[in-house]
$ cat input-v6.cif   # mmCIF, C-alpha atoms
data_upload
loop_
_atom_site.label_atom_id
_atom_site.label_comp_id
_atom_site.auth_asym_id
_atom_site.auth_seq_id
_atom_site.Cartn_x
_atom_site.Cartn_y
_atom_site.Cartn_z
CA MET I 169 -32.31 -17.97 8.06
CA HIS I 170 -30.75 -18.74 11.43
CA LEU I 171 -34.10 -19.81 12.83
CA LYS I 172 -34.61 -22.18 9.92
CA LEU I 173 -31.14 -23.56 10.43
CA PHE I 174 -31.67 -24.21 14.13
CA VAL I 175 -35.13 -25.72 13.57
CA LEU I 176 -33.78 -28.08 10.91
CA SER I 177 -30.83 -29.10 13.08
CA ALA I 178 -33.03 -29.76 16.08
CA SER I 179 -35.64 -31.62 14.04
CA SER I 180 -32.99 -33.84 12.46
CA VAL I 181 -31.79 -34.93 15.89
CA VAL I 182 -35.35 -35.42 17.11
CA LEU I 183 -36.33 -37.42 14.03
CA TRP I 184 -33.21 -39.53 14.47
CA ILE I 185 -33.57 -40.38 18.16
CA THR I 186 -37.33 -40.40 18.73
CA PRO I 187 -38.44 -43.18 16.31
CA LEU I 188 -35.65 -45.41 17.55
CA ALA I 189 -36.10 -44.82 21.25
CA ALA I 190 -39.67 -43.78 21.94
CA LEU I 191 -41.66 -45.69 19.33
CA ASP I 192 -43.75 -48.62 20.54
CA LYS I 193 -42.20 -51.75 19.03
CA THR I 194 -45.47 -53.66 19.21
CA LEU I 195 -46.89 -51.49 16.47
CA ASP I 196 -46.93 -53.07 13.03
CA ILE I 197 -45.74 -49.97 11.32
CA HIS I 198 -42.95 -49.06 13.72
CA LYS I 199 -40.29 -50.26 11.27
CA ALA I 200 -41.77 -48.11 8.51
CA LEU I 201 -42.00 -45.14 10.87
CA GLN I 202 -38.38 -45.60 11.89
CA GLY I 203 -37.30 -45.69 8.26
CA ALA I 204 -39.34 -42.63 7.40
CA GLY I 205 -38.07 -40.79 10.46
CA LEU I 206 -34.45 -41.62 9.73
CA THR I 207 -34.81 -40.57 6.09
CA ALA I 208 -36.45 -37.32 7.09
CA ALA I 209 -33.73 -36.78 9.69
CA ILE I 210 -31.02 -37.20 7.06
CA ALA I 211 -32.83 -34.74 4.77
CA CYS I 212 -33.15 -32.19 7.57
CA ALA I 213 -29.50 -32.56 8.58
CA VAL I 214 -28.24 -32.22 5.03
CA THR I 215 -30.45 -29.18 4.37
CA ALA I 216 -29.31 -27.55 7.60
CA GLY I 217 -25.71 -28.30 6.66
CA ASN I 218 -26.13 -26.68 3.24
CA ILE I 219 -27.73 -23.58 4.74
CA ALA I 220 -24.95 -23.31 7.32
CA ARG I 221 -22.33 -23.73 4.61
CA GLU I 222 -23.86 -20.91 2.54
CA GLN I 223 -23.93 -18.70 5.60
CA ALA I 224 -20.30 -19.50 6.34
CA GLU I 225 -19.29 -18.68 2.78
CA GLN I 226 -21.20 -15.38 2.91
CA ASN I 227 -19.51 -14.55 6.20
CA GLU I 228 -16.12 -15.24 4.65
CA ILE I 229 -16.98 -13.00 1.69
CA GLU I 230 -18.04 -10.23 4.08
CA GLU I 231 -14.80 -10.59 6.00
CA ILE I 232 -12.81 -10.41 2.77
CA LYS I 233 -14.78 -7.30 1.76
CA SER I 234 -14.19 -5.61 5.08
CA ARG I 235 -10.48 -6.45 4.91
CA ALA I 236 -10.32 -5.08 1.37
CA ILE I 237 -12.12 -1.87 2.42
CA THR I 238 -9.75 -1.46 5.36
CA ALA I 239 -6.74 -2.00 3.13
CA ASP I 240 -8.19 0.45 0.60
CA VAL I 241 -8.69 3.11 3.27
CA VAL I 242 -5.17 2.60 4.58
CA ASP I 243 -3.82 2.85 1.05
CA GLU I 244 -5.86 6.02 0.43
CA ILE I 245 -4.53 7.64 3.61
CA ALA I 246 -0.96 6.70 2.74
CA THR I 247 -1.36 8.07 -0.79
CA SER I 248 -2.85 11.36 0.40
CA ALA I 249 -0.07 11.72 2.97
CA TYR I 250 2.53 11.08 0.28
CA ILE I 251 0.87 13.58 -2.09
CA SER I 252 0.65 16.27 0.59
CA GLN I 253 4.31 15.73 1.41
CA GLN I 254 5.18 16.06 -2.28
CA GLN I 255 3.09 19.26 -2.50
CA ARG I 256 4.83 20.73 0.53
CA GLN I 257 8.20 19.85 -0.97
CA GLN I 258 7.26 21.45 -4.29
CA GLU I 259 6.01 24.60 -2.53
CA ALA I 260 9.24 24.82 -0.56
CA GLU I 261 11.24 24.39 -3.76
CA GLN I 262 9.17 27.10 -5.44
CA ILE I 263 9.75 29.47 -2.54
CA LEU I 264 13.49 28.80 -2.63
CA GLY I 265 13.53 29.27 -6.40
CA SER I 266 11.67 32.58 -6.16
CA SER I 267 14.14 33.89 -3.53
CA GLU I 268 17.01 32.93 -5.81
CA ARG I 269 15.31 34.74 -8.65
CA THR I 270 14.86 37.78 -6.39
CA ASP I 271 18.59 37.77 -5.65
CA GLU I 272 19.33 37.53 -9.37
CA LYS I 273 16.97 40.43 -10.05
CA GLU I 274 18.61 42.51 -7.31
CA ALA I 275 22.05 41.82 -8.78
CA GLU I 276 20.77 42.74 -12.23
CA LEU I 277 19.25 45.93 -10.87
CA ASP I 278 22.54 46.81 -9.17
CA SER I 279 24.45 46.30 -12.40
CA ILE I 280 21.91 48.45 -14.26
CA ARG I 281 22.19 51.14 -11.61
CA GLU I 282 25.97 51.09 -11.84
CA SER I 283 25.77 51.31 -15.61
CA LEU I 284 23.35 54.21 -15.35
CA GLU I 285 25.63 55.96 -12.85
CA LEU I 286 28.59 55.47 -15.18
CA LEU I 287 26.54 56.77 -18.08
CA LEU I 288 25.42 59.73 -16.00
CA ASN I 289 29.05 60.45 -15.06
CA GLN I 290 30.07 60.33 -18.68
CA THR I 291 27.18 62.57 -19.72
CA SER I 292 27.91 65.00 -16.92
CA SER I 293 31.57 65.11 -17.75
CA ASP I 294 30.73 65.77 -21.40
CA SER I 295 28.51 68.65 -20.42
CA GLY I 296 30.82 69.78 -17.64
CA GLU I 297 28.17 69.64 -14.93
CA LEU I 298 27.82 67.58 -11.74
CA ALA I 299 31.03 65.80 -12.50
CA VAL I 300 32.72 65.38 -9.09
CA VAL I 301 29.53 64.66 -7.27
CA ASN I 302 28.92 61.39 -9.12
CA LEU I 303 32.46 59.98 -9.03
CA SER I 304 32.92 56.76 -7.10
CA ALA I 305 35.51 56.31 -4.40
CA ARG I 306 37.63 54.12 -6.65
CA GLN I 307 37.59 56.74 -9.39
CA GLN I 308 38.57 59.44 -6.93
CA GLU I 309 41.37 57.20 -5.74
CA GLN I 310 42.50 56.74 -9.35
CA ILE I 311 42.45 60.55 -9.79
CA GLU I 312 44.67 60.81 -6.72
CA LEU I 313 47.07 58.28 -8.18
CA ILE I 314 47.14 60.10 -11.51
CA LEU I 315 47.90 63.35 -9.71
CA GLN I 316 50.71 61.60 -7.84
CA CYS I 317 52.08 60.45 -11.21
CA TYR I 318 51.93 64.02 -12.44
CA ALA I 319 53.75 65.13 -9.33
CA LYS I 320 56.45 62.51 -9.95
CA GLY I 321 56.81 63.84 -13.47
CA ILE I 322 55.12 60.93 -15.21
CA THR I 323 53.00 62.48 -17.91
CA GLY I 324 52.82 59.88 -20.68
CA LYS I 325 49.48 58.16 -21.10
CA ASN I 326 50.87 54.68 -21.35
CA LYS I 327 53.10 55.17 -18.30
CA ILE I 328 50.18 56.45 -16.27
CA LEU I 329 48.06 53.52 -17.40
CA LYS I 330 50.90 51.22 -16.37
CA GLU I 331 51.28 52.90 -12.97
CA VAL I 332 47.64 53.30 -12.05
CA TRP I 333 45.84 50.43 -13.81
CA GLY I 334 48.80 48.09 -14.22
CA VAL I 335 48.21 47.49 -17.94
CA SER I 336 50.75 47.66 -20.72
CA ALA I 337 50.15 49.30 -24.05
CA GLY I 338 48.55 47.04 -26.60
CA SER I 339 45.23 45.96 -27.94
CA SER I 340 43.95 43.98 -24.97
CA GLN I 341 40.50 44.59 -23.60
CA SER I 342 41.85 45.57 -20.15
CA TYR I 343 44.10 48.17 -21.77
CA ARG I 344 41.22 49.59 -23.77
CA ASP I 345 39.01 49.72 -20.67
CA ALA I 346 41.73 51.42 -18.69
CA LYS I 347 42.33 53.87 -21.51
CA ALA I 348 38.61 54.72 -21.71
CA GLU I 349 38.47 55.20 -18.00
CA TYR I 350 41.58 57.36 -18.04
CA GLU I 351 40.11 59.53 -20.77
CA PHE I 352 36.93 59.77 -18.78
CA LEU I 353 38.81 60.81 -15.64
CA LEU I 354 41.07 63.23 -17.43
CA PRO I 355 38.80 66.32 -17.12
CA PHE I 356 38.42 65.68 -13.40
CA VAL I 357 42.18 65.29 -13.06
CA LYS I 358 42.63 68.65 -14.71
CA GLY I 359 39.96 70.15 -12.48
CA GLU I 360 41.68 68.75 -9.42
CA SER I 361 45.09 70.00 -10.52
CA ASP I 362 43.58 73.44 -11.17
CA GLU I 363 42.08 73.50 -7.67
CA GLN I 364 45.45 72.51 -6.12
CA MET V 251 -21.19 -21.06 11.32
CA ARG V 252 -18.51 -23.30 9.87
CA ALA V 253 -18.70 -25.51 12.95
CA MET V 254 -22.46 -25.57 12.57
CA TYR V 255 -22.35 -26.93 9.04
CA LEU V 256 -19.67 -29.46 9.92
CA ALA V 257 -21.76 -30.63 12.87
CA ASN V 258 -24.85 -30.94 10.68
CA TYR V 259 -22.99 -33.03 8.13
CA PHE V 260 -21.60 -35.15 10.96
CA VAL V 261 -25.10 -35.71 12.33
CA ALA V 262 -26.29 -36.58 8.82
CA GLY V 263 -23.55 -39.21 8.60
CA CYS V 264 -24.49 -40.65 11.98
CA ILE V 265 -28.14 -40.87 10.93
CA ALA V 266 -27.09 -42.53 7.67
CA PHE V 267 -25.34 -45.32 9.59
CA SER V 268 -28.41 -45.64 11.84
CA LEU V 269 -30.46 -46.02 8.69
CA LEU V 270 -28.00 -48.67 7.54
CA GLY V 271 -28.58 -50.53 10.80
CA TRP V 272 -32.32 -50.18 10.33
CA VAL V 273 -31.97 -51.65 6.82
CA ALA V 274 -29.94 -54.52 8.31
CA SER V 275 -32.70 -55.18 10.80
CA LEU V 276 -35.33 -55.65 8.09
CA HIS V 277 -34.22 -59.05 6.77
CA PRO V 278 -31.35 -61.56 7.24
CA ILE V 279 -30.23 -61.01 3.67
CA THR V 280 -30.03 -57.24 4.12
CA PHE V 281 -28.22 -57.91 7.39
CA ARG V 282 -25.54 -59.84 5.53
CA ALA V 283 -25.41 -57.24 2.81
CA VAL V 284 -24.91 -54.49 5.36
CA LEU V 285 -22.25 -56.58 7.10
CA CYS V 286 -20.43 -56.95 3.77
CA LEU V 287 -20.77 -53.23 3.21
CA LEU V 288 -19.41 -52.46 6.67
CA ALA V 289 -16.52 -54.86 6.08
CA ALA V 290 -15.72 -53.14 2.80
CA ILE V 291 -15.88 -49.76 4.53
CA ALA V 292 -13.54 -51.04 7.27
CA ILE V 293 -11.03 -52.33 4.72
CA ALA V 294 -11.18 -49.05 2.81
CA TRP V 295 -10.75 -47.13 6.04
CA CYS V 296 -7.63 -49.13 7.00
CA LEU V 297 -6.18 -48.77 3.50
CA SER V 298 -6.81 -45.04 3.62
CA TRP V 299 -4.83 -44.83 6.85
CA LEU V 300 -2.00 -46.79 5.27
CA LEU V 301 -2.00 -44.85 2.03
CA ASP V 302 -2.82 -41.47 3.47
CA PHE V 303 -0.06 -39.55 1.66
CA SER V 304 -0.87 -41.01 -1.75
CA LEU V 305 -4.59 -40.55 -1.19
CA SER V 306 -4.15 -36.95 -0.07
CA LYS V 307 -2.29 -36.21 -3.31
CA LEU V 308 -4.98 -37.97 -5.31
CA LEU V 309 -7.82 -36.10 -3.59
CA LYS V 310 -5.77 -32.85 -3.52
CA ILE V 311 -6.32 -32.32 0.21
CA SER V 312 -3.85 -32.19 3.05
CA VAL V 313 -2.96 -35.28 5.04
CA ALA V 314 -4.35 -33.70 8.18
CA ASP V 315 -7.70 -33.10 6.47
CA LEU V 316 -7.79 -36.69 5.23
CA GLN V 317 -7.04 -38.01 8.70
CA ALA V 318 -9.73 -35.77 10.15
CA LEU V 319 -12.18 -37.15 7.60
CA LEU V 320 -11.24 -40.73 8.48
CA ILE V 321 -11.58 -40.13 12.20
CA SER V 322 -14.91 -38.37 11.78
CA GLY V 323 -16.09 -41.26 9.57
CA LEU V 324 -15.18 -43.70 12.31
CA GLY V 325 -17.05 -41.54 14.77
CA MET V 326 -20.10 -41.50 12.50
CA VAL V 327 -20.09 -45.30 12.27
CA LEU V 328 -19.68 -45.80 15.99
CA ILE V 329 -22.26 -43.20 17.00
CA GLY V 330 -24.81 -44.12 14.30
CA LEU V 331 -24.70 -47.86 14.87
CA GLY V 332 -24.35 -47.37 18.63
CA VAL V 333 -27.49 -45.25 18.79
CA PHE V 334 -29.38 -47.76 16.65
CA LEU V 335 -28.26 -50.79 18.66
CA CYS V 336 -28.72 -49.21 22.06
CA THR V 337 -32.29 -48.03 21.46
#
$ encode --input "input-v6.cif" --output "structure tokens"
Amino acid sequence: MHLKLFVLSASSVVLWITPLAALDKTLDIHKALQGAGLTAAIACAVTAGNIAREQAEQNEIEEIKSRAITADVVDEIATSAYISQQQRQQEAEQILGSSERTDEKEAELDSIRESLELLLNQTSSDSGELAVVNLSARQQEQIELILQCYAKGITGKNKILKEVWGVSAGSSQSYRDAKAEYEFLLPFVKGESDEQ
Amino acid sequence: MRAMYLANYFVAGCIAFSLLGWVASLHPITFRAVLCLLAAIAIAWCLSWLLDFSLSKLLKISVADLQALLISGLGMVLIGLGVFLCT
């Protein structure tokens, strides 16, 4: 296509200049030859111009395509980078959530273990076996306080509950809990007082 | 490539004015006719320079493009007729 374009361009110039400059004016047909040459030159120039214009338009389309492909690639890279960042963030959030759940499970297990220990203490105290071994430090401290109350001459249940647990007689939940705990500790208190 | 097609159209315009000169050289009547045509083209060219803003709006092209067209047209006339007269 380029060769055709250059040949047409060159021939248009040649057909324009040559009949005017190099043709022998003594010839009878030189005017007709000039006219034919000029007409052919115009045709060649216009054809070459059309071909060049088509080529220029195709080049522009190719440039637009390449720019669009480049923009598409850039957009793809940016999207993948954004998605990978989102994935990393989600993974990090999942890891943090699982650690929180692990902490919750550990706390739940601790509460279950404490409940089981309390149940075991109650069962052991009911059967009279392994009672002192499973008492907690706080319970032993409460036994000590109860014994001190006994030593001071305080023997009433409500007074002991008031002294040791700080609750007054009534129907509150704290009073009932303290009462249950006192009744639970009572055999150990007796055992301790027997030992002393 | 854009320059190539503009140059080809420019050369085509130059050859067209050479052909006009050739037509003028055929007979005294065609000579007068071509002179009238050239005079009309000159008047239109001057009016286009004067009314460039209105004409650019009418043709929906920029003023710079219109001026470029007018200058290249003048160049075509000068080169085409110059080549014909000098050879």
$ resolve_selection --input "input-v6.cif" --expression "the PyMOL selection byres ((chain I and resi 215-231) around 7)" --output "short mmCIF file (atom, residue, chain, number, x, y, z; two decimals) with C-alpha atoms, in the frame of the given file"
data_model
loop_
_atom_site.label_atom_id
_atom_site.label_comp_id
_atom_site.auth_asym_id
_atom_site.auth_seq_id
_atom_site.Cartn_x
_atom_site.Cartn_y
_atom_site.Cartn_z
CA LEU I 173 -31.14 -23.56 10.43
CA LEU I 176 -33.78 -28.08 10.91
CA SER I 177 -30.83 -29.10 13.08
CA ALA I 211 -32.83 -34.74 4.77
CA CYS I 212 -33.15 -32.19 7.57
CA ALA I 213 -29.50 -32.56 8.58
CA VAL I 214 -28.24 -32.22 5.03
CA ILE I 232 -12.81 -10.41 2.77
CA LYS I 233 -14.78 -7.30 1.76
CA SER I 234 -14.19 -5.61 5.08
CA ARG I 235 -10.48 -6.45 4.91
CA MET V 251 -21.19 -21.06 11.32
CA ARG V 252 -18.51 -23.30 9.87
CA MET V 254 -22.46 -25.57 12.57
CA TYR V 255 -22.35 -26.93 9.04
CA LEU V 256 -19.67 -29.46 9.92
CA ASN V 258 -24.85 -30.94 10.68
CA TYR V 259 -22.99 -33.03 8.13
#
$ resolve_selection --input "input-v6.cif" --expression "the PyMOL selection byres ((chain V) within 10 of (chain I))" --output "PyMOL selection string"
chain V and resi 251-270+272-273+275-276+330+333-337
$ residues_near_point --input "input-v6.cif" --point "(-15.6, -41.2, 11.9)" --cutoff "12 Å" --atoms "only C-alpha atoms" --output "VMD selection string"
chain V and resid 259 to 261 263 to 264 267 291 to 292 295 316 to 331
$ write_last_selection --input "input-v6.cif" --atoms "C-alpha atoms" --output "PDB file, keeping the file's coordinate frame"
ATOM      1  CA  TYR V 259     -22.990 -33.030   8.130  1.00  0.00           C
ATOM      2  CA  PHE V 260     -21.600 -35.150  10.960  1.00  0.00           C
ATOM      3  CA  VAL V 261     -25.100 -35.710  12.330  1.00  0.00           C
ATOM      4  CA  GLY V 263     -23.550 -39.210   8.600  1.00  0.00           C
ATOM      5  CA  CYS V 264     -24.490 -40.650  11.980  1.00  0.00           C
ATOM      6  CA  PHE V 267     -25.340 -45.320   9.590  1.00  0.00           C
ATOM      7  CA  ILE V 291     -15.880 -49.760   4.530  1.00  0.00           C
ATOM      8  CA  ALA V 292     -13.540 -51.040   7.270  1.00  0.00           C
ATOM      9  CA  TRP V 295     -10.750 -47.130   6.040  1.00  0.00           C
ATOM     10  CA  LEU V 316      -7.790 -36.690   5.230  1.00  0.00           C
ATOM     11  CA  GLN V 317      -7.040 -38.010   8.700  1.00  0.00           C
ATOM     12  CA  ALA V 318      -9.730 -35.770  10.150  1.00  0.00           C
ATOM     13  CA  LEU V 319     -12.180 -37.150   7.600  1.00  0.00           C
ATOM     14  CA  LEU V 320     -11.240 -40.730   8.480  1.00  0.00           C
ATOM     15  CA  ILE V 321     -11.580 -40.130  12.200  1.00  0.00           C
ATOM     16  CA  SER V 322     -14.910 -38.370  11.780  1.00  0.00           C
ATOM     17  CA  GLY V 323     -16.090 -41.260   9.570  1.00  0.00           C
ATOM     18  CA  LEU V 324     -15.180 -43.700  12.310  1.00  0.00           C
ATOM     19  CA  GLY V 325     -17.050 -41.540  14.770  1.00  0.00           C
ATOM     20  CA  MET V 326     -20.100 -41.500  12.500  1.00  0.00           C
ATOM     21  CA  VAL V 327     -20.090 -45.300  12.270  1.00  0.00           C
ATOM     22  CA  LEU V 328     -19.680 -45.800  15.990  1.00  0.00           C
ATOM     23  CA  ILE V 329     -22.260 -43.200  17.000  1.00  0.00           C
ATOM     24  CA  GLY V 330     -24.810 -44.120  14.300  1.00  0.00           C
ATOM     25  CA  LEU V 331     -24.700 -47.860  14.870  1.00  0.00           C
TER      26      LEU V 331
END
$ atom_distance --input "input-v6.cif" --atom1 "atom CA of I:Ile328" --atom2 "atom CA of I:Leu287"
23.7 Å
$ atom_distance --input "input-v6.cif" --atom1 "atom CA of I:Leu315" --atom2 "atom CA of I:Lys358"
9.0 Å
$ resolve_selection --input "input-v6.cif" --expression "the PyMOL selection byres ((chain I and resi 329) around 12)" --output "MDAnalysis selection string"
chainID I and resid 310:311 313:314 317 322:328 330:338 342:351 353:354
$ closest_residue --input "input-v6.cif" --among "V:Ala274, V:Val313, V:Leu288, V:Ala283" --to "V:Leu300" --atoms "all atoms listed in the file"
V:Val313
$ atom_distance --input "input-v6.cif" --atom1 "atom CA of I:Pro355" --atom2 "atom CA of I:Tyr318"
14.1 Å
$ decode --input "input-v6.cif" --residues "stretch 268-284 of chain I" --atoms "N, CA and C atoms" --output "PDB file, in the first residue's frame"
ATOM      1  N   GLU I 268     -10.450 -14.250  68.975  1.00  0.00           N
ATOM      2  CA  GLU I 268     -11.446 -13.804  69.958  1.00  0.00           C
ATOM      3  C   GLU I 268     -12.345 -14.964  70.374  1.00  0.00           C
ATOM      4  N   ARG I 269     -12.723 -15.770  69.357  1.00  0.00           N
ATOM      5  CA  ARG I 269     -13.562 -16.927  69.681  1.00  0.00           C
ATOM      6  C   ARG I 269     -12.823 -17.903  70.585  1.00  0.00           C
ATOM      7  N   THR I 270     -11.499 -18.062  70.350  1.00  0.00           N
ATOM      8  CA  THR I 270     -10.708 -18.948  71.195  1.00  0.00           C
ATOM      9  C   THR I 270     -10.713 -18.449  72.633  1.00  0.00           C
ATOM     10  N   ASP I 271     -10.547 -17.128  72.806  1.00  0.00           N
ATOM     11  CA  ASP I 271     -10.595 -16.567  74.155  1.00  0.00           C
ATOM     12  C   ASP I 271     -11.947 -16.836  74.812  1.00  0.00           C
ATOM     13  N   GLU I 272     -13.019 -16.639  74.024  1.00  0.00           N
ATOM     14  CA  GLU I 272     -14.359 -16.899  74.563  1.00  0.00           C
ATOM     15  C   GLU I 272     -14.507 -18.360  74.977  1.00  0.00           C
ATOM     16  N   LYS I 273     -13.970 -19.252  74.125  1.00  0.00           N
ATOM     17  CA  LYS I 273     -14.069 -20.685  74.447  1.00  0.00           C
ATOM     18  C   LYS I 273     -13.277 -21.003  75.716  1.00  0.00           C
ATOM     19  N   GLU I 274     -12.096 -20.381  75.838  1.00  0.00           N
ATOM     20  CA  GLU I 274     -11.281 -20.629  77.038  1.00  0.00           C
ATOM     21  C   GLU I 274     -12.020 -20.157  78.290  1.00  0.00           C
ATOM     22  N   ALA I 275     -12.634 -18.963  78.184  1.00  0.00           N
ATOM     23  CA  ALA I 275     -13.388 -18.455  79.337  1.00  0.00           C
ATOM     24  C   ALA I 275     -14.553 -19.376  79.669  1.00  0.00           C
ATOM     25  N   GLU I 276     -15.204 -19.876  78.625  1.00  0.00           N
ATOM     26  CA  GLU I 276     -16.336 -20.788  78.846  1.00  0.00           C
ATOM     27  C   GLU I 276     -15.857 -22.088  79.493  1.00  0.00           C
ATOM     28  N   LEU I 277     -14.709 -22.562  79.000  1.00  0.00           N
ATOM     29  CA  LEU I 277     -14.155 -23.792  79.590  1.00  0.00           C
ATOM     30  C   LEU I 277     -13.784 -23.585  81.049  1.00  0.00           C
ATOM     31  N   ASP I 278     -13.214 -22.403  81.354  1.00  0.00           N
ATOM     32  CA  ASP I 278     -12.867 -22.109  82.752  1.00  0.00           C
ATOM     33  C   ASP I 278     -14.108 -22.106  83.636  1.00  0.00           C
ATOM     34  N   SER I 279     -15.174 -21.454  83.107  1.00  0.00           N
ATOM     35  CA  SER I 279     -16.403 -21.416  83.925  1.00  0.00           C
ATOM     36  C   SER I 279     -16.965 -22.822  84.131  1.00  0.00           C
ATOM     37  N   ILE I 280     -16.881 -23.646  83.047  1.00  0.00           N
ATOM     38  CA  ILE I 280     -17.368 -25.035  83.193  1.00  0.00           C
ATOM     39  C   ILE I 280     -16.517 -25.783  84.192  1.00  0.00           C
ATOM     40  N   ARG I 281     -15.218 -25.567  84.135  1.00  0.00           N
ATOM     41  CA  ARG I 281     -14.323 -26.263  85.079  1.00  0.00           C
ATOM     42  C   ARG I 281     -14.625 -25.844  86.517  1.00  0.00           C
ATOM     43  N   GLU I 282     -14.840 -24.527  86.702  1.00  0.00           N
ATOM     44  CA  GLU I 282     -15.171 -24.067  88.048  1.00  0.00           C
ATOM     45  C   GLU I 282     -16.488 -24.671  88.536  1.00  0.00           C
ATOM     46  N   SER I 283     -17.455 -24.721  87.607  1.00  0.00           N
ATOM     47  CA  SER I 283     -18.744 -25.316  87.982  1.00  0.00           C
ATOM     48  C   SER I 283     -18.583 -26.777  88.360  1.00  0.00           C
ATOM     49  N   LEU I 284     -17.757 -27.475  87.540  1.00  0.00           N
ATOM     50  CA  LEU I 284     -17.528 -28.896  87.832  1.00  0.00           C
ATOM     51  C   LEU I 284     -16.806 -29.070  89.157  1.00  0.00           C
TER      52      LEU I 284
END
